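structure05.cif (mmCIF, C-alpha atoms and all ligand atoms)
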data_structure
#
loop_
_atom_site.group_PDB
_atom_site.id
_atom_site.type_symbol
_atom_site.label_atom_id
_atom_site.label_comp_id
_atom_site.auth_asym_id
_atom_site.auth_seq_id
_atom_site.Cartn_x
_atom_site.Cartn_y
_atom_site.Cartn_z
ATOM 1 C CA MET A 1 51.052 9.954 22.436
ATOM 2 C CA ILE A 2 54.394 8.449 23.418
ATOM 3 C CA ILE A 3 55.414 5.447 21.347
ATOM 4 C CA ASP A 4 58.525 3.302 21.739
ATOM 5 C CA ALA A 5 59.328 2.086 18.222
ATOM 6 C CA ASP A 6 61.753 -0.714 19.138
ATOM 7 C CA CYS A 7 60.718 -3.299 21.725
ATOM 8 C CA HIS A 8 61.314 -7.034 21.751
ATOM 9 C CA VAL A 9 58.892 -9.593 23.149
ATOM 10 C CA SER A 10 59.491 -13.271 23.753
ATOM 11 C CA ALA A 11 57.217 -16.225 24.432
ATOM 12 C CA ARG A 12 59.812 -17.313 27.007
ATOM 13 C CA GLU A 13 60.643 -15.162 30.005
ATOM 14 C CA THR A 14 64.113 -16.601 30.448
ATOM 15 C CA GLY A 15 67.315 -14.646 30.950
ATOM 16 C CA PRO A 16 66.939 -11.167 29.483
ATOM 17 C CA GLU A 17 63.840 -12.092 27.467
ATOM 18 C CA ILE A 18 60.540 -10.566 28.565
ATOM 19 C CA GLY A 19 56.899 -11.062 27.686
ATOM 20 C CA VAL A 20 54.212 -8.488 26.999
ATOM 21 C CA GLU A 21 53.091 -8.108 30.606
ATOM 22 C CA GLN A 22 56.575 -7.325 31.859
ATOM 23 C CA LEU A 23 57.114 -4.927 28.971
ATOM 24 C CA LEU A 24 53.911 -3.110 29.920
ATOM 25 C CA ARG A 25 55.083 -2.754 33.519
ATOM 26 C CA ARG A 26 58.292 -1.148 32.291
ATOM 27 C CA MET A 27 56.350 1.178 29.978
ATOM 28 C CA ASP A 28 54.039 2.178 32.836
ATOM 29 C CA LYS A 29 56.966 3.196 35.029
ATOM 30 C CA ILE A 30 58.038 5.922 32.617
ATOM 31 C CA GLY A 31 54.755 6.761 30.945
ATOM 32 C CA VAL A 32 55.217 5.197 27.524
ATOM 33 C CA GLU A 33 51.770 4.557 26.083
ATOM 34 C CA ARG A 34 52.426 2.289 23.118
ATOM 35 C CA ALA A 35 55.209 0.088 21.857
ATOM 36 C CA ILE A 36 56.021 -1.473 18.527
ATOM 37 C CA CYS A 37 56.874 -5.063 19.381
ATOM 38 C CA TRP A 38 58.742 -7.702 17.405
ATOM 39 C CA PRO A 39 60.395 -10.964 18.435
ATOM 40 C CA HIS A 40 63.310 -10.912 20.825
ATOM 41 C CA VAL A 41 65.818 -12.854 18.801
ATOM 42 C CA SER A 42 65.880 -15.635 16.279
ATOM 43 C CA TYR A 43 69.251 -16.739 14.963
ATOM 44 C CA GLN A 44 68.420 -20.354 14.300
ATOM 45 C CA ARG A 45 65.425 -20.405 16.612
ATOM 46 C CA GLU A 46 61.885 -20.666 15.331
ATOM 47 C CA LEU A 47 59.861 -17.478 15.578
ATOM 48 C CA ALA A 48 56.264 -18.683 15.536
ATOM 49 C CA GLU A 49 55.840 -18.751 19.304
ATOM 50 C CA ASP A 50 57.238 -15.242 19.697
ATOM 51 C CA ASN A 51 54.971 -13.956 16.932
ATOM 52 C CA ARG A 52 52.031 -15.611 18.639
ATOM 53 C CA ALA A 53 52.951 -14.037 21.991
ATOM 54 C CA ILE A 54 53.062 -10.597 20.360
ATOM 55 C CA CYS A 55 49.713 -11.177 18.660
ATOM 56 C CA GLU A 56 48.071 -12.322 21.869
ATOM 57 C CA GLY A 57 49.572 -9.350 23.713
ATOM 58 C CA ALA A 58 48.209 -6.955 21.098
ATOM 59 C CA ARG A 59 44.763 -8.522 21.306
ATOM 60 C CA ALA A 60 44.801 -8.256 25.096
ATOM 61 C CA HIS A 61 46.149 -4.688 25.028
ATOM 62 C CA PRO A 62 45.074 -3.147 21.724
ATOM 63 C CA ASP A 63 45.697 0.357 23.036
ATOM 64 C CA ARG A 64 49.279 -0.443 24.088
ATOM 65 C CA ILE A 65 50.931 -3.097 21.909
ATOM 66 C CA ILE A 66 51.545 -2.516 18.194
ATOM 67 C CA ALA A 67 52.189 -5.939 16.702
ATOM 68 C CA PHE A 68 54.961 -6.478 14.212
ATOM 69 C CA CYS A 69 56.075 -10.010 13.400
ATOM 70 C CA GLY A 70 59.530 -11.319 12.604
ATOM 71 C CA VAL A 71 60.482 -13.886 10.010
ATOM 72 C CA ASN A 72 63.818 -15.416 9.111
ATOM 73 C CA PRO A 73 64.393 -16.911 5.638
ATOM 74 C CA ARG A 74 67.414 -18.770 6.994
ATOM 75 C CA LEU A 75 64.940 -21.076 8.716
ATOM 76 C CA GLY A 76 63.708 -21.914 5.209
ATOM 77 C CA LEU A 77 62.090 -19.494 2.779
ATOM 78 C CA ALA A 78 58.887 -21.518 2.533
ATOM 79 C CA THR A 79 58.647 -21.660 6.334
ATOM 80 C CA ALA A 80 59.191 -17.895 6.524
ATOM 81 C CA GLN A 81 56.583 -17.277 3.834
ATOM 82 C CA ASP A 82 54.050 -19.483 5.648
ATOM 83 C CA GLU A 83 54.671 -17.688 8.917
ATOM 84 C CA LEU A 84 54.474 -14.305 7.201
ATOM 85 C CA ARG A 85 51.135 -15.234 5.615
ATOM 86 C CA ARG A 86 49.766 -16.302 8.982
ATOM 87 C CA CYS A 87 50.965 -13.117 10.649
ATOM 88 C CA ILE A 88 49.334 -10.980 7.947
ATOM 89 C CA GLU A 89 46.088 -12.875 7.386
ATOM 90 C CA VAL A 90 45.372 -14.251 10.849
ATOM 91 C CA TYR A 91 47.193 -11.963 13.267
ATOM 92 C CA GLY A 92 46.725 -8.736 11.319
ATOM 93 C CA VAL A 93 50.165 -7.372 12.136
ATOM 94 C CA ARG A 94 50.975 -3.752 11.341
ATOM 95 C CA GLY A 95 54.396 -4.552 9.988
ATOM 96 C CA VAL A 96 57.243 -7.022 9.680
ATOM 97 C CA LYS A 97 60.815 -6.920 11.004
ATOM 98 C CA LEU A 98 63.686 -8.389 9.017
ATOM 99 C CA ASN A 99 67.224 -8.627 10.384
ATOM 100 C CA GLY A 100 69.764 -9.665 7.786
ATOM 101 C CA ALA A 101 72.691 -8.724 10.038
ATOM 102 C CA ARG A 102 71.661 -11.177 12.739
ATOM 103 C CA ASP A 103 70.237 -13.872 10.488
ATOM 104 C CA VAL A 104 73.125 -13.682 7.989
ATOM 105 C CA TYR A 105 71.632 -12.717 4.642
ATOM 106 C CA PRO A 106 71.835 -9.537 2.541
ATOM 107 C CA ILE A 107 68.640 -7.602 3.195
ATOM 108 C CA ASP A 108 68.092 -7.168 -0.559
ATOM 109 C CA ASP A 109 69.003 -10.758 -1.448
ATOM 110 C CA ALA A 110 66.985 -11.738 -4.523
ATOM 111 C CA GLU A 111 66.269 -15.273 -3.335
ATOM 112 C CA LEU A 112 65.995 -14.937 0.437
ATOM 113 C CA ALA A 113 64.681 -11.435 1.077
ATOM 114 C CA LEU A 114 62.854 -10.078 -1.971
ATOM 115 C CA PRO A 115 60.000 -12.625 -1.916
ATOM 116 C CA LEU A 116 59.281 -11.610 1.687
ATOM 117 C CA VAL A 117 59.588 -7.898 0.990
ATOM 118 C CA GLU A 118 57.253 -8.216 -1.975
ATOM 119 C CA ALA A 119 54.626 -9.923 0.190
ATOM 120 C CA ILE A 120 54.976 -7.210 2.845
ATOM 121 C CA HIS A 121 54.605 -4.558 0.159
ATOM 122 C CA GLN A 122 51.575 -6.236 -1.383
ATOM 123 C CA ALA A 123 49.916 -6.412 2.032
ATOM 124 C CA GLY A 124 50.457 -2.673 2.483
ATOM 125 C CA LEU A 125 52.437 -3.188 5.681
ATOM 126 C CA VAL A 126 55.454 -1.383 7.089
ATOM 127 C CA LEU A 127 58.850 -3.075 6.701
ATOM 128 C CA ALA A 128 61.139 -2.633 9.702
ATOM 129 C CA VAL A 129 64.761 -3.398 8.937
ATOM 130 C CA HIS A 130 67.671 -3.677 11.311
ATOM 131 C CA CYS A 131 70.459 -1.396 10.046
ATOM 132 C CA GLY A 132 73.824 -1.673 11.753
ATOM 133 C CA PRO A 133 76.182 -4.096 13.543
ATOM 134 C CA PRO A 134 76.972 -6.935 13.958
ATOM 135 C CA ASP A 135 77.177 -7.216 10.150
ATOM 136 C CA VAL A 136 76.924 -3.739 8.700
ATOM 137 C CA GLU A 137 77.381 -4.900 5.128
ATOM 138 C CA LYS A 138 74.326 -7.187 5.193
ATOM 139 C CA THR A 139 72.028 -4.261 6.030
ATOM 140 C CA HIS A 140 74.052 -1.428 4.558
ATOM 141 C CA PRO A 141 71.953 1.602 3.564
ATOM 142 C CA HIS A 142 72.764 1.030 -0.087
ATOM 143 C CA ARG A 143 70.928 -2.294 0.227
ATOM 144 C CA LEU A 144 67.970 -0.584 1.907
ATOM 145 C CA ALA A 145 67.953 1.973 -0.904
ATOM 146 C CA ASN A 146 67.909 -0.897 -3.371
ATOM 147 C CA LEU A 147 64.741 -2.205 -1.700
ATOM 148 C CA SER A 148 63.128 1.225 -1.814
ATOM 149 C CA SER A 149 64.031 1.592 -5.486
ATOM 150 C CA GLN A 150 62.220 -1.652 -6.243
ATOM 151 C CA PHE A 151 59.263 -0.864 -3.959
ATOM 152 C CA PRO A 152 58.995 2.950 -3.902
ATOM 153 C CA ALA A 153 55.714 2.989 -1.982
ATOM 154 C CA LEU A 154 57.006 0.682 0.757
ATOM 155 C CA ARG A 155 57.142 2.412 4.159
ATOM 156 C CA MET A 156 60.281 1.476 6.076
ATOM 157 C CA LEU A 157 61.458 1.823 9.655
ATOM 158 C CA ILE A 158 65.263 2.006 9.580
ATOM 159 C CA VAL A 159 66.017 0.508 12.988
ATOM 160 C CA HIS A 160 69.243 1.822 14.614
ATOM 161 C CA MET A 161 69.882 4.045 11.535
ATOM 162 C CA GLY A 162 73.275 2.361 11.123
ATOM 163 C CA GLY A 163 73.948 1.720 14.824
ATOM 164 C CA SER A 164 76.724 3.024 17.002
ATOM 165 C CA GLY A 165 80.432 3.155 16.271
ATOM 166 C CA VAL A 166 79.957 3.432 12.511
ATOM 167 C CA PRO A 167 79.479 7.155 11.807
ATOM 168 C CA ASP A 168 80.152 6.725 8.092
ATOM 169 C CA VAL A 169 77.212 4.344 7.876
ATOM 170 C CA ASN A 170 75.032 6.718 9.915
ATOM 171 C CA ARG A 171 75.838 9.523 7.526
ATOM 172 C CA THR A 172 75.082 7.282 4.548
ATOM 173 C CA VAL A 173 71.690 6.424 6.061
ATOM 174 C CA VAL A 174 70.918 10.130 6.376
ATOM 175 C CA SER A 175 72.110 10.762 2.835
ATOM 176 C CA PHE A 176 69.944 7.996 1.361
ATOM 177 C CA ALA A 177 66.986 9.020 3.526
ATOM 178 C CA ARG A 178 66.857 12.338 1.677
ATOM 179 C CA GLN A 179 66.088 10.394 -1.484
ATOM 180 C CA HIS A 180 63.651 7.989 0.176
ATOM 181 C CA PRO A 181 60.910 9.907 1.988
ATOM 182 C CA ASN A 182 59.246 6.679 3.106
ATOM 183 C CA TRP A 183 62.105 5.982 5.522
ATOM 184 C CA LEU A 184 61.558 6.761 9.190
ATOM 185 C CA LEU A 185 64.781 6.442 11.200
ATOM 186 C CA VAL A 186 64.537 4.737 14.608
ATOM 187 C CA ASP A 187 67.094 6.225 17.013
ATOM 188 C CA SER A 188 67.673 3.091 19.122
ATOM 189 C CA GLU A 189 71.347 2.138 19.628
ATOM 190 C CA ALA A 190 72.514 5.109 17.540
ATOM 191 C CA ASP A 191 75.071 7.687 18.670
ATOM 192 C CA TYR A 192 73.266 10.845 19.774
ATOM 193 C CA ARG A 193 75.459 13.040 17.557
ATOM 194 C CA GLN A 194 74.341 11.084 14.503
ATOM 195 C CA VAL A 195 70.712 11.286 15.624
ATOM 196 C CA GLN A 196 71.031 15.048 15.972
ATOM 197 C CA LEU A 197 72.622 15.164 12.518
ATOM 198 C CA ALA A 198 69.665 13.264 11.096
ATOM 199 C CA ILE A 199 67.228 15.716 12.678
ATOM 200 C CA SER A 200 69.131 18.740 11.427
ATOM 201 C CA VAL A 201 69.432 17.396 7.874
ATOM 202 C CA LEU A 202 66.111 15.607 7.458
ATOM 203 C CA GLY A 203 63.885 17.303 10.013
ATOM 204 C CA ALA A 204 62.280 15.982 13.194
ATOM 205 C CA GLU A 205 59.509 14.350 11.186
ATOM 206 C CA ARG A 206 61.959 11.725 9.874
ATOM 207 C CA VAL A 207 63.246 10.355 13.219
ATOM 208 C CA CYS A 208 61.504 8.410 15.969
ATOM 209 C CA TYR A 209 62.300 7.170 19.442
ATOM 210 C CA GLY A 210 63.049 3.520 20.163
ATOM 211 C CA SER A 211 64.582 1.980 23.264
ATOM 212 C CA ASP A 212 65.599 -1.461 21.956
ATOM 213 C CA SER A 213 64.182 -2.960 25.167
ATOM 214 C CA PRO A 214 65.084 -5.261 26.777
ATOM 215 C CA PHE A 215 68.519 -5.264 25.134
ATOM 216 C CA CYS A 216 68.765 -1.748 26.556
ATOM 217 C CA ASP A 217 67.197 -0.592 29.812
ATOM 218 C CA MET A 218 64.044 1.302 28.912
ATOM 219 C CA ARG A 219 64.421 3.749 31.833
ATOM 220 C CA TYR A 220 67.946 4.726 30.840
ATOM 221 C CA GLU A 221 67.074 5.078 27.174
ATOM 222 C CA TRP A 222 64.119 7.257 28.089
ATOM 223 C CA GLY A 223 66.279 9.402 30.383
ATOM 224 C CA ILE A 224 68.974 9.833 27.749
ATOM 225 C CA ARG A 225 66.431 11.073 25.212
ATOM 226 C CA GLN A 226 65.261 13.763 27.619
ATOM 227 C CA VAL A 227 68.759 15.213 27.262
ATOM 228 C CA VAL A 228 69.343 14.478 23.581
ATOM 229 C CA TYR A 229 66.054 16.122 22.581
ATOM 230 C CA GLN A 230 66.019 18.907 25.173
ATOM 231 C CA ASP A 231 66.779 21.713 22.718
ATOM 232 C CA LEU A 232 64.029 20.752 20.280
ATOM 233 C CA THR A 233 60.682 22.480 20.232
ATOM 234 C CA PRO A 234 57.739 20.741 21.945
ATOM 235 C CA ALA A 235 56.295 19.992 18.507
ATOM 236 C CA GLN A 236 59.547 18.382 17.362
ATOM 237 C CA ARG A 237 59.768 16.279 20.535
ATOM 238 C CA ASP A 238 56.150 15.183 20.157
ATOM 239 C CA ALA A 239 56.867 14.096 16.594
ATOM 240 C CA ILE A 240 59.951 12.061 17.520
ATOM 241 C CA LEU A 241 58.473 10.538 20.665
ATOM 242 C CA GLY A 242 55.368 9.198 18.979
ATOM 243 C CA GLY A 243 53.771 11.464 16.397
ATOM 244 C CA ASN A 244 55.834 10.247 13.469
ATOM 245 C CA VAL A 245 55.111 6.580 14.140
ATOM 246 C CA ALA A 246 51.426 7.360 14.644
ATOM 247 C CA ARG A 247 51.367 9.109 11.281
ATOM 248 C CA MET A 248 53.239 6.301 9.498
ATOM 249 C CA LEU A 249 50.897 3.658 10.875
ATOM 250 C CA GLY A 250 47.791 5.783 10.572
ATOM 251 C CA LEU A 251 47.120 5.576 14.301
ATOM 252 C CA LYS A 252 44.616 7.810 15.972
ATOM 253 C CA GLN A 253 44.354 8.314 19.684
ATOM 254 C CA SER A 254 41.404 5.913 19.890
ATOM 255 C CA ASP A 255 42.554 3.363 17.326
ATOM 256 C CA PRO A 256 43.373 -0.155 18.424
ATOM 257 C CA PRO A 257 46.977 -0.315 17.209
ATOM 258 C CA SER A 258 47.263 -4.039 16.636
ATOM 259 C CA GLY A 259 45.411 -4.340 13.359
ATOM 260 C CA GLY A 260 42.088 -2.580 13.784
ATOM 261 C CA SER A 261 38.712 -4.126 13.201
ATOM 262 C CA ARG A 262 40.125 -6.707 10.815
ATOM 263 C CA THR A 263 41.780 -8.648 13.614
ATOM 264 C CA GLN A 264 38.941 -8.332 16.063
ATOM 265 C CA SER A 265 37.035 -11.143 14.385
ATOM 266 C CA LEU A 266 40.044 -13.379 13.826
ATOM 267 C CA GLU A 267 41.521 -15.918 16.149
ATOM 268 C CA CYS A 268 45.171 -16.280 17.076
ATOM 269 C CA SER A 269 45.797 -19.838 16.020
HETATM 270 ZN ZN ZN B 1 65.628 -3.732 18.734
#

Written as structure tokens, how would this file's structure read?
Amino acid sequence: MIIDADCHVSARETGPEIGVEQLLRRMDKIGVERAICWPHVSYQRELAEDNRAICEGARAHPDRIIAFCGVNPRLGLATAQDELRRCIEVYGVRGVKLNGARDVYPIDDAELALPLVEAIHQAGLVLAVHCGPPDVEKTHPHRLANLSSQFPALRMLIVHMGGSGVPDVNRTVVSFARQHPNWLLVDSEADYRQVQLAISVLGAERVCYGSDSPFCDMRYEWGIRQVVYQDLTPAQRDAILGGNVARMLGLKQSDPPSGGSRTQSLECS
């Protein structure tokens, strides 16, 4: 099972933003079966419509789209909490993406972030966190480790594993990941040498493939990985290209990946 662990979906197909159907066409061209999807971008934009588009896409394509929502406490903590509750209780998302670097808050901020992280933890969902530029300090691995120390059972996708151009941060991610076995590092936007370091230090079961589509061209990202991972064993490649995400999310080949039976009886409203 090939899974892309970093795809962005928008309710608006303007400029670089794409919806679920266009994402699926791109996946079909290279044979990617499933994609973890979260909103394209927020900054100061509301996220509810993007979350809804992801939910509807997952309901229409339960064997392809793995729904994660995005919330931004900078739009108001109460608003973010309301949206998070809706995404959990109504949409049945598998996880939640937070991006403190883009939305300008420390990812372990006691007032802005921890109430959201606690709700994600209580719901038993996966927390996906951006880790890297444009504001490395806001999502520095020591902040992610702080979250894991407070919520040891919380499963986390470390998206970009520090990003590119900041090898010290990449190495710190790898170092902290040794102490936090619930971290799965997403290789999107990361320098291949740092990704290979992560695999050699942590093992192939701790890294997964993500394209960061449509910010990056899915075909190119897929092609690059065929080179980066060419010296791994077939079992290691299978793990990175989908097996590790499937294990983290408890997916089976036949499982609907958007929330299982719980969401089948619920409406997207
Ligand atoms: Zn991304």

Practice task
Around ligand ZN 1 (chain B), at most 7 Å away and counting all atoms listed in the file, which residues are there? Put them as a list in words, please.
Solution key: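 The neighbouring residues of ligand ZN 1 (chain B) are, in order, Asp6, Cys7, His8, Asp212 and Ser213 of chain A.
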
Practice task
Quote the spacing between atom CA of A:Asn146 and atom CA of A:Asn182 in Å to one decimal place.
Solution key: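 A separation of 13.2 Å between them.
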
Enclose stretch 101-119 of chain A, meaning all of its atoms listed in the file, in a box aligned along x, y and z, pad it by 4 Å on each side, and list the centre and edge lengths in Å to one decimal, as JSON.
{"center_x": 63.9, "center_y": -11.2, "center_z": 4.1, "size_x": 26.5, "size_y": 16.1, "size_z": 25.3}

Practice task
For atom CA of A:Pro152 and atom CA of A:Leu185, quote the distance in Å rounded to one decimal.
Solution key: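 These atoms are spaced 16.5 Å apart.
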
Exercise for the section: Starting from the point (58.2, -17.9, -2.1), work out which residues of protein, DNA or RNA have an atom no more than 7 Å away when counting only C-alpha atoms; state them as a PyMOL selection string. Expected result: chain A and resi 77-78+81+115

Kindly export the residues of the current selection with C-alpha atoms, as a PDB file, in the coordinates of the input.
ATOM      1  CA  LEU A  77      62.090 -19.494   2.779  1.00  0.00           C
ATOM      2  CA  ALA A  78      58.887 -21.518   2.533  1.00  0.00           C
ATOM      3  CA  GLN A  81      56.583 -17.277   3.834  1.00  0.00           C
ATOM      4  CA  PRO A 115      60.000 -12.625  -1.916  1.00  0.00           C
TER       5      PRO A 115
END

Exercise for the section: Just the residues within 9 Å of A:Asp50, please, counting only C-alpha atoms, with nothing from its chain fewer than 3 positions along; format it as a PyMOL selection string. Expected result: chain A and resi 9-12+38-41+46-47+53-55+69-70

Hey, can you spit out that residue selection with C-alpha atoms as a JSON list (two decimals), keeping the file's coordinate frame?
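Output below, filename selection.json:
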[["chain", "number", "residue", "atom", "x", "y", "z"],
["A", 9, "VAL", "CA", 58.89, -9.59, 23.15],
["A", 10, "SER", "CA", 59.49, -13.27, 23.75],
["A", 11, "ALA", "CA", 57.22, -16.23, 24.43],
["A", 12, "ARG", "CA", 59.81, -17.31, 27.01],
["A", 38, "TRP", "CA", 58.74, -7.70, 17.40],
["A", 39, "PRO", "CA", 60.40, -10.96, 18.43],
["A", 40, "HIS", "CA", 63.31, -10.91, 20.82],
["A", 41, "VAL", "CA", 65.82, -12.85, 18.80],
["A", 46, "GLU", "CA", 61.88, -20.67, 15.33],
["A", 47, "LEU", "CA", 59.86, -17.48, 15.58],
["A", 53, "ALA", "CA", 52.95, -14.04, 21.99],
["A", 54, "ILE", "CA", 53.06, -10.60, 20.36],
["A", 55, "CYS", "CA", 49.71, -11.18, 18.66],
["A", 69, "CYS", "CA", 56.08, -10.01, 13.40],
["A", 70, "GLY", "CA", 59.53, -11.32, 12.60]]
